[in-house]
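So this one's entry.pdb, PDB, C-alpha atoms and all ligand atoms:
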```pdb
MODEL        1
ATOM      1  CA  MET A   1      48.667 122.856 186.486  1.00  0.00           C
ATOM      2  CA  SER A   2      51.656 122.025 188.641  1.00  0.00           C
ATOM      3  CA  ILE A   3      53.881 118.978 188.494  1.00  0.00           C
ATOM      4  CA  THR A   4      55.428 117.062 191.385  1.00  0.00           C
ATOM      5  CA  SER A   5      59.117 116.243 191.210  1.00  0.00           C
ATOM      6  CA  LYS A   6      61.220 114.067 193.488  1.00  0.00           C
ATOM      7  CA  SER A   7      64.261 116.216 194.359  1.00  0.00           C
ATOM      8  CA  ALA A   8      67.372 116.413 196.517  1.00  0.00           C
ATOM      9  CA  VAL A   9      66.587 119.307 198.838  1.00  0.00           C
ATOM     10  CA  ALA A  10      69.295 121.009 200.901  1.00  0.00           C
ATOM     11  CA  LYS A  11      67.593 121.946 204.147  1.00  0.00           C
ATOM     12  CA  GLY A  12      69.865 124.872 204.968  1.00  0.00           C
ATOM     13  CA  ASP A  13      71.312 123.152 208.042  1.00  0.00           C
ATOM     14  CA  ARG A  14      74.114 121.210 206.271  1.00  0.00           C
ATOM     15  CA  THR A  15      71.874 118.232 205.583  1.00  0.00           C
ATOM     16  CA  PHE A  16      69.686 117.250 202.667  1.00  0.00           C
ATOM     17  CA  ILE A  17      66.687 115.020 202.067  1.00  0.00           C
ATOM     18  CA  ILE A  18      64.894 113.500 199.092  1.00  0.00           C
ATOM     19  CA  ALA A  19      61.522 115.227 198.959  1.00  0.00           C
ATOM     20  CA  GLN A  20      58.638 116.071 196.677  1.00  0.00           C
ATOM     21  CA  VAL A  21      58.784 119.593 195.230  1.00  0.00           C
ATOM     22  CA  ASN A  22      55.920 121.176 193.289  1.00  0.00           C
ATOM     23  CA  LEU A  23      56.786 123.013 190.085  1.00  0.00           C
ATOM     24  CA  SER A  24      54.286 125.351 188.480  1.00  0.00           C
ATOM     25  CA  ASP A  25      53.741 125.637 184.732  1.00  0.00           C
ATOM     26  CA  PRO A  26      56.482 127.494 182.829  1.00  0.00           C
ATOM     27  CA  GLN A  27      56.181 131.305 182.769  1.00  0.00           C
ATOM     28  CA  GLU A  28      56.433 132.789 179.284  1.00  0.00           C
ATOM     29  CA  ASP A  29      60.269 132.642 179.127  1.00  0.00           C
ATOM     30  CA  GLU A  30      60.662 129.390 181.053  1.00  0.00           C
ATOM     31  CA  VAL A  31      61.042 125.756 180.076  1.00  0.00           C
ATOM     32  CA  LEU A  32      60.226 122.593 182.006  1.00  0.00           C
ATOM     33  CA  ILE A  33      62.946 119.958 181.576  1.00  0.00           C
ATOM     34  CA  LYS A  34      62.659 116.247 182.334  1.00  0.00           C
ATOM     35  CA  ILE A  35      66.128 115.579 183.756  1.00  0.00           C
ATOM     36  CA  LYS A  36      67.813 112.465 182.296  1.00  0.00           C
ATOM     37  CA  ALA A  37      71.187 112.848 184.032  1.00  0.00           C
ATOM     38  CA  ALA A  38      72.771 115.203 186.554  1.00  0.00           C
ATOM     39  CA  GLY A  39      76.370 115.747 187.590  1.00  0.00           C
ATOM     40  CA  LEU A  40      77.570 116.050 191.155  1.00  0.00           C
ATOM     41  CA  CYS A  41      80.127 118.770 191.764  1.00  0.00           C
ATOM     42  CA  HIS A  42      81.950 120.008 194.859  1.00  0.00           C
ATOM     43  CA  THR A  43      79.784 123.124 194.735  1.00  0.00           C
ATOM     44  CA  ASP A  44      76.788 120.915 195.511  1.00  0.00           C
ATOM     45  CA  TYR A  45      78.472 119.887 198.737  1.00  0.00           C
ATOM     46  CA  ASP A  46      79.177 123.548 199.380  1.00  0.00           C
ATOM     47  CA  SER A  47      75.524 124.428 198.772  1.00  0.00           C
ATOM     48  CA  LEU A  48      74.588 122.507 201.925  1.00  0.00           C
ATOM     49  CA  ASN A  49      76.144 125.453 203.786  1.00  0.00           C
ATOM     50  CA  TRP A  50      74.270 128.255 202.035  1.00  0.00           C
ATOM     51  CA  GLY A  51      71.935 128.510 205.003  1.00  0.00           C
ATOM     52  CA  LYS A  52      68.597 128.107 203.268  1.00  0.00           C
ATOM     53  CA  PRO A  53      66.506 125.395 201.661  1.00  0.00           C
ATOM     54  CA  LEU A  54      67.144 124.853 197.948  1.00  0.00           C
ATOM     55  CA  VAL A  55      66.738 122.220 195.273  1.00  0.00           C
ATOM     56  CA  MET A  56      70.285 120.971 194.718  1.00  0.00           C
ATOM     57  CA  GLY A  57      72.242 120.470 191.514  1.00  0.00           C
ATOM     58  CA  HIS A  58      73.561 122.740 188.764  1.00  0.00           C
ATOM     59  CA  GLU A  59      74.778 120.241 186.146  1.00  0.00           C
ATOM     60  CA  GLY A  60      72.195 118.459 184.060  1.00  0.00           C
ATOM     61  CA  ALA A  61      70.905 117.261 180.710  1.00  0.00           C
ATOM     62  CA  GLY A  62      67.420 116.218 179.711  1.00  0.00           C
ATOM     63  CA  ILE A  63      64.432 116.606 177.439  1.00  0.00           C
ATOM     64  CA  VAL A  64      62.111 119.574 177.017  1.00  0.00           C
ATOM     65  CA  GLU A  65      58.777 118.635 178.554  1.00  0.00           C
ATOM     66  CA  LYS A  66      56.875 121.936 178.344  1.00  0.00           C
ATOM     67  CA  ILE A  67      57.613 125.453 177.070  1.00  0.00           C
ATOM     68  CA  GLY A  68      56.409 128.935 178.021  1.00  0.00           C
ATOM     69  CA  SER A  69      54.319 130.999 175.598  1.00  0.00           C
ATOM     70  CA  ALA A  70      57.225 133.222 174.458  1.00  0.00           C
ATOM     71  CA  VAL A  71      59.742 130.418 173.900  1.00  0.00           C
ATOM     72  CA  GLN A  72      60.563 130.084 170.195  1.00  0.00           C
ATOM     73  CA  ALA A  73      63.920 128.357 169.852  1.00  0.00           C
ATOM     74  CA  LEU A  74      62.857 125.144 171.619  1.00  0.00           C
ATOM     75  CA  LYS A  75      60.133 122.592 171.243  1.00  0.00           C
ATOM     76  CA  VAL A  76      58.838 119.721 173.331  1.00  0.00           C
ATOM     77  CA  GLY A  77      61.114 116.683 172.932  1.00  0.00           C
ATOM     78  CA  ASP A  78      64.336 118.637 172.274  1.00  0.00           C
ATOM     79  CA  GLN A  79      67.476 117.247 173.938  1.00  0.00           C
ATOM     80  CA  VAL A  80      69.200 119.900 176.008  1.00  0.00           C
ATOM     81  CA  ILE A  81      72.112 120.691 178.311  1.00  0.00           C
ATOM     82  CA  LEU A  82      71.474 123.102 181.172  1.00  0.00           C
ATOM     83  CA  ASN A  83      73.772 126.067 181.720  1.00  0.00           C
ATOM     84  CA  TRP A  84      74.135 127.630 185.152  1.00  0.00           C
ATOM     85  CA  ALA A  85      75.723 130.839 183.862  1.00  0.00           C
ATOM     86  CA  THR A  86      72.352 132.088 182.675  1.00  0.00           C
ATOM     87  CA  PRO A  87      72.682 135.516 181.053  1.00  0.00           C
ATOM     88  CA  CYS A  88      69.937 138.127 181.606  1.00  0.00           C
ATOM     89  CA  MET A  89      70.269 139.246 177.931  1.00  0.00           C
ATOM     90  CA  HIS A  90      69.340 142.858 178.877  1.00  0.00           C
ATOM     91  CA  CYS A  91      72.323 144.431 180.678  1.00  0.00           C
ATOM     92  CA  PHE A  92      75.151 146.335 178.952  1.00  0.00           C
ATOM     93  CA  GLN A  93      77.515 143.333 178.822  1.00  0.00           C
ATOM     94  CA  CYS A  94      74.832 140.973 177.536  1.00  0.00           C
ATOM     95  CA  GLN A  95      73.883 143.493 174.844  1.00  0.00           C
ATOM     96  CA  GLU A  96      77.576 143.707 173.874  1.00  0.00           C
ATOM     97  CA  GLY A  97      77.676 139.947 173.408  1.00  0.00           C
ATOM     98  CA  ASN A  98      79.572 139.311 176.652  1.00  0.00           C
ATOM     99  CA  GLN A  99      76.955 137.086 178.234  1.00  0.00           C
ATOM    100  CA  HIS A 100      79.644 135.281 180.250  1.00  0.00           C
ATOM    101  CA  ILE A 101      80.133 138.411 182.386  1.00  0.00           C
ATOM    102  CA  CYS A 102      76.471 139.406 182.654  1.00  0.00           C
ATOM    103  CA  GLU A 103      76.108 142.256 185.181  1.00  0.00           C
ATOM    104  CA  ASN A 104      72.856 141.006 186.672  1.00  0.00           C
ATOM    105  CA  ASN A 105      73.546 137.343 186.906  1.00  0.00           C
ATOM    106  CA  SER A 106      77.220 136.736 187.577  1.00  0.00           C
ATOM    107  CA  PRO A 107      77.389 133.089 188.573  1.00  0.00           C
ATOM    108  CA  VAL A 108      80.685 133.469 190.409  1.00  0.00           C
ATOM    109  CA  VAL A 109      79.006 135.227 193.320  1.00  0.00           C
ATOM    110  CA  ALA A 110      76.623 132.348 193.966  1.00  0.00           C
ATOM    111  CA  GLY A 111      76.855 131.133 197.493  1.00  0.00           C
ATOM    112  CA  ALA A 112      79.621 133.555 198.387  1.00  0.00           C
ATOM    113  CA  ASN A 113      77.178 136.229 199.450  1.00  0.00           C
ATOM    114  CA  GLY A 114      74.440 133.852 200.427  1.00  0.00           C
ATOM    115  CA  HIS A 115      72.210 133.844 197.395  1.00  0.00           C
ATOM    116  CA  THR A 116      71.926 132.113 194.095  1.00  0.00           C
ATOM    117  CA  PRO A 117      72.105 134.636 191.297  1.00  0.00           C
ATOM    118  CA  GLY A 118      69.449 135.628 188.889  1.00  0.00           C
ATOM    119  CA  HIS A 119      65.904 136.406 188.312  1.00  0.00           C
ATOM    120  CA  ALA A 120      63.976 133.206 188.842  1.00  0.00           C
ATOM    121  CA  LYS A 121      60.447 133.647 190.057  1.00  0.00           C
ATOM    122  CA  LEU A 122      60.588 132.011 193.457  1.00  0.00           C
ATOM    123  CA  GLU A 123      56.940 131.112 193.543  1.00  0.00           C
ATOM    124  CA  SER A 124      57.501 128.622 190.718  1.00  0.00           C
ATOM    125  CA  SER A 125      58.931 125.943 193.028  1.00  0.00           C
ATOM    126  CA  GLN A 126      57.370 124.960 196.317  1.00  0.00           C
ATOM    127  CA  TRP A 127      58.466 122.642 199.104  1.00  0.00           C
ATOM    128  CA  ASN A 128      56.429 122.080 202.248  1.00  0.00           C
ATOM    129  CA  GLY A 129      53.997 124.755 201.057  1.00  0.00           C
ATOM    130  CA  LYS A 130      56.715 127.425 200.797  1.00  0.00           C
ATOM    131  CA  SER A 131      58.698 128.863 197.865  1.00  0.00           C
ATOM    132  CA  ILE A 132      62.090 127.231 197.441  1.00  0.00           C
ATOM    133  CA  GLU A 133      65.116 128.377 195.412  1.00  0.00           C
ATOM    134  CA  ARG A 134      66.950 126.134 192.979  1.00  0.00           C
ATOM    135  CA  SER A 135      70.740 125.922 192.981  1.00  0.00           C
ATOM    136  CA  PHE A 136      71.934 128.378 190.286  1.00  0.00           C
ATOM    137  CA  ASN A 137      68.285 128.681 189.206  1.00  0.00           C
ATOM    138  CA  LEU A 138      68.445 125.115 187.889  1.00  0.00           C
ATOM    139  CA  GLY A 139      68.077 122.452 190.581  1.00  0.00           C
ATOM    140  CA  THR A 140      69.114 119.486 188.463  1.00  0.00           C
ATOM    141  CA  LEU A 141      69.173 116.843 191.234  1.00  0.00           C
ATOM    142  CA  SER A 142      65.489 116.436 190.574  1.00  0.00           C
ATOM    143  CA  GLU A 143      63.166 114.585 188.212  1.00  0.00           C
ATOM    144  CA  TYR A 144      62.144 117.891 186.632  1.00  0.00           C
ATOM    145  CA  ALA A 145      63.687 121.360 186.528  1.00  0.00           C
ATOM    146  CA  LEU A 146      61.931 124.614 185.691  1.00  0.00           C
ATOM    147  CA  VAL A 147      64.485 126.955 184.101  1.00  0.00           C
ATOM    148  CA  LYS A 148      64.832 130.099 181.979  1.00  0.00           C
ATOM    149  CA  GLU A 149      65.006 129.574 178.220  1.00  0.00           C
ATOM    150  CA  ALA A 150      68.421 131.303 178.323  1.00  0.00           C
ATOM    151  CA  ALA A 151      69.681 128.490 180.589  1.00  0.00           C
ATOM    152  CA  VAL A 152      69.074 125.841 177.950  1.00  0.00           C
ATOM    153  CA  VAL A 153      71.378 124.731 175.120  1.00  0.00           C
ATOM    154  CA  LYS A 154      69.815 122.474 172.517  1.00  0.00           C
ATOM    155  CA  VAL A 155      71.928 119.528 171.328  1.00  0.00           C
ATOM    156  CA  ASP A 156      71.345 118.017 167.894  1.00  0.00           C
ATOM    157  CA  GLU A 157      72.887 114.624 168.501  1.00  0.00           C
ATOM    158  CA  PRO A 158      70.881 111.571 167.425  1.00  0.00           C
ATOM    159  CA  GLU A 159      71.884 109.393 170.387  1.00  0.00           C
ATOM    160  CA  LEU A 160      72.886 111.883 173.077  1.00  0.00           C
ATOM    161  CA  ASN A 161      74.787 110.373 175.998  1.00  0.00           C
ATOM    162  CA  PHE A 162      72.949 112.255 178.732  1.00  0.00           C
ATOM    163  CA  SER A 163      75.394 111.273 181.500  1.00  0.00           C
ATOM    164  CA  ALA A 164      78.331 112.728 179.592  1.00  0.00           C
ATOM    165  CA  ALA A 165      76.283 115.722 178.432  1.00  0.00           C
ATOM    166  CA  SER A 166      75.194 116.584 181.967  1.00  0.00           C
ATOM    167  CA  ILE A 167      78.690 117.688 183.032  1.00  0.00           C
ATOM    168  CA  VAL A 168      79.534 119.635 179.889  1.00  0.00           C
ATOM    169  CA  SER A 169      78.302 122.970 181.233  1.00  0.00           C
ATOM    170  CA  CYS A 170      80.335 122.836 184.454  1.00  0.00           C
ATOM    171  CA  GLY A 171      83.257 120.419 184.878  1.00  0.00           C
ATOM    172  CA  VAL A 172      84.047 120.083 181.176  1.00  0.00           C
ATOM    173  CA  MET A 173      83.762 123.795 180.363  1.00  0.00           C
ATOM    174  CA  THR A 174      85.802 124.816 183.399  1.00  0.00           C
ATOM    175  CA  GLY A 175      88.690 122.656 182.177  1.00  0.00           C
ATOM    176  CA  PHE A 176      88.300 123.321 178.462  1.00  0.00           C
ATOM    177  CA  GLY A 177      87.722 127.057 178.945  1.00  0.00           C
ATOM    178  CA  SER A 178      90.833 127.392 181.129  1.00  0.00           C
ATOM    179  CA  VAL A 179      92.992 126.039 178.331  1.00  0.00           C
ATOM    180  CA  VAL A 180      91.328 127.534 175.275  1.00  0.00           C
ATOM    181  CA  ASN A 181      89.925 130.867 176.534  1.00  0.00           C
ATOM    182  CA  ALA A 182      92.134 131.770 179.508  1.00  0.00           C
ATOM    183  CA  ALA A 183      95.579 130.228 178.828  1.00  0.00           C
ATOM    184  CA  LYS A 184      95.092 130.286 175.032  1.00  0.00           C
ATOM    185  CA  LEU A 185      97.429 127.308 174.767  1.00  0.00           C
ATOM    186  CA  GLU A 186      99.255 127.177 171.454  1.00  0.00           C
ATOM    187  CA  ALA A 187      99.932 124.027 169.436  1.00  0.00           C
ATOM    188  CA  GLY A 188     103.349 122.573 170.148  1.00  0.00           C
ATOM    189  CA  SER A 189     103.638 124.000 173.672  1.00  0.00           C
ATOM    190  CA  SER A 190     103.962 122.079 176.938  1.00  0.00           C
ATOM    191  CA  ALA A 191     101.545 121.981 179.841  1.00  0.00           C
ATOM    192  CA  VAL A 192     101.640 120.718 183.411  1.00  0.00           C
ATOM    193  CA  VAL A 193      98.310 119.812 184.986  1.00  0.00           C
ATOM    194  CA  LEU A 194      98.200 119.582 188.793  1.00  0.00           C
ATOM    195  CA  GLY A 195      95.319 117.367 189.893  1.00  0.00           C
ATOM    196  CA  CYS A 196      93.439 115.009 187.602  1.00  0.00           C
ATOM    197  CA  GLY A 197      89.868 115.097 188.874  1.00  0.00           C
ATOM    198  CA  GLY A 198      86.865 116.090 186.759  1.00  0.00           C
ATOM    199  CA  VAL A 199      88.221 119.514 185.855  1.00  0.00           C
ATOM    200  CA  GLY A 200      91.870 118.431 185.512  1.00  0.00           C
ATOM    201  CA  LEU A 201      91.019 115.623 183.088  1.00  0.00           C
ATOM    202  CA  ASN A 202      89.176 118.092 180.903  1.00  0.00           C
ATOM    203  CA  VAL A 203      92.156 120.450 181.060  1.00  0.00           C
ATOM    204  CA  ILE A 204      94.266 117.551 179.750  1.00  0.00           C
ATOM    205  CA  ASN A 205      91.731 116.788 177.023  1.00  0.00           C
ATOM    206  CA  ALA A 206      91.653 120.437 175.935  1.00  0.00           C
ATOM    207  CA  CYS A 207      95.481 120.529 175.875  1.00  0.00           C
ATOM    208  CA  LYS A 208      95.404 117.540 173.538  1.00  0.00           C
ATOM    209  CA  ILE A 209      92.727 119.107 171.322  1.00  0.00           C
ATOM    210  CA  SER A 210      94.808 122.315 171.222  1.00  0.00           C
ATOM    211  CA  GLY A 211      97.812 120.358 169.966  1.00  0.00           C
ATOM    212  CA  ALA A 212     100.087 120.506 173.026  1.00  0.00           C
ATOM    213  CA  ALA A 213     103.322 118.585 172.445  1.00  0.00           C
ATOM    214  CA  LYS A 214     103.872 117.547 176.050  1.00  0.00           C
ATOM    215  CA  ILE A 215     101.146 117.196 178.667  1.00  0.00           C
ATOM    216  CA  ILE A 216     102.475 116.320 182.123  1.00  0.00           C
ATOM    217  CA  ALA A 217      99.819 115.151 184.577  1.00  0.00           C
ATOM    218  CA  VAL A 218     100.484 115.237 188.330  1.00  0.00           C
ATOM    219  CA  ASP A 219      98.282 113.549 190.934  1.00  0.00           C
ATOM    220  CA  ILE A 220      98.530 111.553 194.154  1.00  0.00           C
ATOM    221  CA  SER A 221      96.332 108.743 192.778  1.00  0.00           C
ATOM    222  CA  PRO A 222      97.656 106.150 190.290  1.00  0.00           C
ATOM    223  CA  THR A 223      94.073 105.490 189.104  1.00  0.00           C
ATOM    224  CA  LYS A 224      93.623 109.119 188.164  1.00  0.00           C
ATOM    225  CA  LEU A 225      96.949 109.136 186.341  1.00  0.00           C
ATOM    226  CA  GLU A 226      95.743 106.163 184.288  1.00  0.00           C
ATOM    227  CA  LEU A 227      92.681 108.179 183.354  1.00  0.00           C
ATOM    228  CA  ALA A 228      94.929 111.150 182.598  1.00  0.00           C
ATOM    229  CA  ARG A 229      96.738 109.066 179.976  1.00  0.00           C
ATOM    230  CA  LYS A 230      93.407 108.145 178.389  1.00  0.00           C
ATOM    231  CA  PHE A 231      92.514 111.837 178.220  1.00  0.00           C
ATOM    232  CA  GLY A 232      95.807 112.667 176.490  1.00  0.00           C
ATOM    233  CA  ALA A 233      98.596 113.051 179.065  1.00  0.00           C
ATOM    234  CA  THR A 234     101.987 112.191 177.545  1.00  0.00           C
ATOM    235  CA  ASP A 235     103.776 111.968 180.909  1.00  0.00           C
ATOM    236  CA  THR A 236     102.602 111.370 184.467  1.00  0.00           C
ATOM    237  CA  ILE A 237     104.075 112.099 187.889  1.00  0.00           C
ATOM    238  CA  LEU A 238     102.807 110.303 190.995  1.00  0.00           C
ATOM    239  CA  ALA A 239     103.156 112.877 193.775  1.00  0.00           C
ATOM    240  CA  ASP A 240     102.001 110.742 196.700  1.00  0.00           C
ATOM    241  CA  LYS A 241     105.119 111.206 198.834  1.00  0.00           C
ATOM    242  CA  GLU A 242     106.911 114.196 200.237  1.00  0.00           C
ATOM    243  CA  ASP A 243     109.915 115.125 198.161  1.00  0.00           C
ATOM    244  CA  ILE A 244     112.519 115.118 200.925  1.00  0.00           C
ATOM    245  CA  GLY A 245     115.312 116.291 198.611  1.00  0.00           C
ATOM    246  CA  LEU A 246     113.296 119.291 197.512  1.00  0.00           C
ATOM    247  CA  LEU A 247     112.243 120.125 201.071  1.00  0.00           C
ATOM    248  CA  SER A 248     115.800 120.075 202.406  1.00  0.00           C
ATOM    249  CA  ALA A 249     116.956 122.160 199.459  1.00  0.00           C
ATOM    250  CA  ALA A 250     114.302 124.728 200.321  1.00  0.00           C
ATOM    251  CA  ASN A 251     115.504 124.839 203.905  1.00  0.00           C
TER     252      ASN A 251
HETATM  253 ZN    ZN A 301      79.720 122.221 189.019  1.00  0.00          ZN
HETATM  254 ZN    ZN A 302      73.141 140.455 181.535  1.00  0.00          ZN
ENDMDL
END
```
Here is a file; write its structure as structure tokens.
Ligand SMILES: [Zn+2]
Ligand SMILES: [Zn+2]
Amino acid sequence: MSITSKSAVAKGDRTFIIAQVNLSDPQEDEVLIKIKAAGLCHTDYDSLNWGKPLVMGHEGAGIVEKIGSAVQALKVGDQVILNWATPCMHCFQCQEGNQHICENNSPVVAGANGHTPGHAKLESSQWNGKSIERSFNLGTLSEYALVKEAAVVKVDEPELNFSAASIVSCGVMTGFGSVVNAAKLEAGSSAVVLGCGGVGLNVINACKISGAAKIIAVDISPTKLELARKFGATDTILADKEDIGLLSAAN
């Protein structure tokens, strides 16, 4: 039995509409999620230019509504965060434990070569009587999302804040991962963060968690610098004007 879901649908011509999409029952390794909150990221704007219809949204949190026959780690009612870097679990890198660089489903190529990555069965979502893709195989700007079990992270939190949870897998991880996994910031060191939007604020937060002694936030918006202080910046620089001295020195 299929379910109807009100969704933001990119039409493939740089516009989007709110439309009804039909989702079929979960395949054996799929899960149907009732979306409670979804994030909006610049990539969603970008996805309007991918030249094909798709259900928008790749940041989301919700509740498991239905599970496929082979799903064991989840049950109906579980609170979950959706993860767009869905590993295939079969390739060499996945087998080695490097699911973040899965050979079959590298999320970084999404959009760049005109397709969302992965192995979703296209017939599982329909719009206007035709199969429709979901952004990053999720499609979170929708009442329901049909996703792979591997795209779901269960959260054992009694009163989960779904709005906050919905951005954990994209904006928060991009900032936190940059500091902890890429820069490997050491306690006591200093950091400068250029730009204090969603990702930048989470960079600042991760610097604080990592024990940075000095965290200098730079932005052109005083409001964002206020937020930066809340997230842990020790110093702020408002860079809303050209630095004439610096420019003439460079000349
Ligand atoms: Zn995102
Ligand atoms: Zn893989």
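This file, queried with the PyMOL selection byres (((chain A and resi 204) around 10) and not hetatm), gives the residues A:Gly175, A:Phe176, A:Val179, A:Ala191, A:Val192, A:Val193, A:Cys196, A:Val199, A:Gly200, A:Leu201, A:Asn202, A:Val203, A:Asn205, A:Ala206, A:Cys207, A:Lys208, A:Ile209, A:Ser210, A:Ala212, A:Ile215, A:Ile216, A:Ala217, A:Ala228, A:Arg229, A:Lys230, A:Phe231, A:Gly232, A:Ala233, A:Thr234.
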Next on the checklist: Let me see if you get this right: every residue at most 7 Å from ligand ZN 301 (chain A), counting all atoms listed in the file, written as JSON, numbers by chain.
Outcome noted: {"A": [40, 41, 42, 43, 58, 59, 170, 171]}
Checklist outcome for this item: In terms of only C-alpha atoms and all ligand atoms, the residue from A:Val172, A:Val218, A:Ala150, A:Val64 at minimal distance from ligand ZN 302 (chain A) is A:Ala150
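Each of A:Val168, A:Leu23, A:Leu48, A:Cys88 was checked against ligand ZN 302 (chain A) using all atoms listed in the file; the smallest atom-to-atom distance is that of A:Cys88.
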Next on the checklist: To test your reading of the syntax: which residues would the PyMOL selection byres (((chain A and resi 22) around 7) and not hetatm) return for the file shown? Reply as JSON, numbers by chain.
Outcome noted: {"A": [2, 3, 4, 5, 20, 21, 23, 24, 125, 126, 127]}
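As for atom CA of Leu238 of chain A and atom CA of Leu225 of chain A, they are spaced 7.6 Å apart.
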Checklist entry - Which residues form the shell of 10 Å around ligand ZN 302 (chain A) when you count only C-alpha atoms and all ligand atoms, given as a ChimeraX atom specification? => result /A:86-106,118
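The shortest atom-to-atom distance to Gly77 of chain A, with all atoms listed in the file taken into account, belongs to A:Lys34 out of A:Leu194, A:Lys34, A:Ala19, A:Ser47.
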Checklist entry - When distances are computed from all atoms listed in the file, which of A:Ile33, A:Leu160, A:Leu185, A:Leu227 shows the smallest separation from Lys214 of chain A? => result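 Once distances to Lys214 of chain A are computed over all atoms listed in the file, the minimum belongs to A:Leu185.
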Checklist entry - atom CA of Val155 of chain A and atom CA of Lys36 of chain A are how many Å apart? => result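 Atom CA of Lys36 of chain A lies at a distance of 13.7 Å from atom CA of Val155 of chain A.
Residues matching the PyMOL selection byres (((chain A and resi 132) around 8) and not hetatm) in this structure come to A:Pro53, A:Leu54, A:Val55, A:Leu122, A:Glu123, A:Ser125, A:Gln126, A:Trp127, A:Lys130, A:Ser131, A:Glu133, A:Arg134.
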Checklist outcome for this item: What separates atom CA of Asp25 of chain A and atom CA of Gly39 of chain A is a distance of 24.9 Å
Checklist entry - Using only C-alpha atoms, which residue out of A:Lys241, A:Asn83, A:Glu149, A:Phe136 lies closest to Ser69 of chain A? => result A:Glu149
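Minimum atom-to-atom distance to Ala151 of chain A, evaluated using all atoms listed in the file, belongs to A:Ile81 out of A:Ala239, A:Ile220, A:Ile81, A:Val76.
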How big is the axis-aligned box around all listed atoms of segment 76-90 of chain A once 8 Å goes on each side, and where's its centre, in Å to one decimal, as JSON?
```
{"center_x": 67.3, "center_y": 129.8, "center_z": 178.7, "size_x": 32.9, "size_y": 42.2, "size_z": 28.9}
```
Checklist entry - Is there a way to get, as a ChimeraX atom specification, all residues within 7 Å of the point (65.7, 128.1, 182.9) in file coordinates, counting all atoms listed in the file? => result /A:30-31,137-138,146-152
Could you list as a compact mmCIF listing (two decimals) with C-alpha atoms, keeping the file's coordinate frame every residue that has an atom within 10 Å of (74.6, 114.2, 179.6), using the file's coordinates and counting only C-alpha atoms?
```
# COMPACT_ATOMS: atom_id res chain seq x y z
CA ILE A 35 66.13 115.58 183.76
CA LYS A 36 67.81 112.46 182.30
CA ALA A 37 71.19 112.85 184.03
CA ALA A 38 72.77 115.20 186.55
CA GLY A 39 76.37 115.75 187.59
CA GLU A 59 74.78 120.24 186.15
CA GLY A 60 72.19 118.46 184.06
CA ALA A 61 70.90 117.26 180.71
CA GLY A 62 67.42 116.22 179.71
CA GLN A 79 67.48 117.25 173.94
CA VAL A 80 69.20 119.90 176.01
CA ILE A 81 72.11 120.69 178.31
CA LEU A 82 71.47 123.10 181.17
CA LEU A 160 72.89 111.88 173.08
CA ASN A 161 74.79 110.37 176.00
CA PHE A 162 72.95 112.26 178.73
CA SER A 163 75.39 111.27 181.50
CA ALA A 164 78.33 112.73 179.59
CA ALA A 165 76.28 115.72 178.43
CA SER A 166 75.19 116.58 181.97
CA ILE A 167 78.69 117.69 183.03
CA VAL A 168 79.53 119.64 179.89
CA SER A 169 78.30 122.97 181.23
```
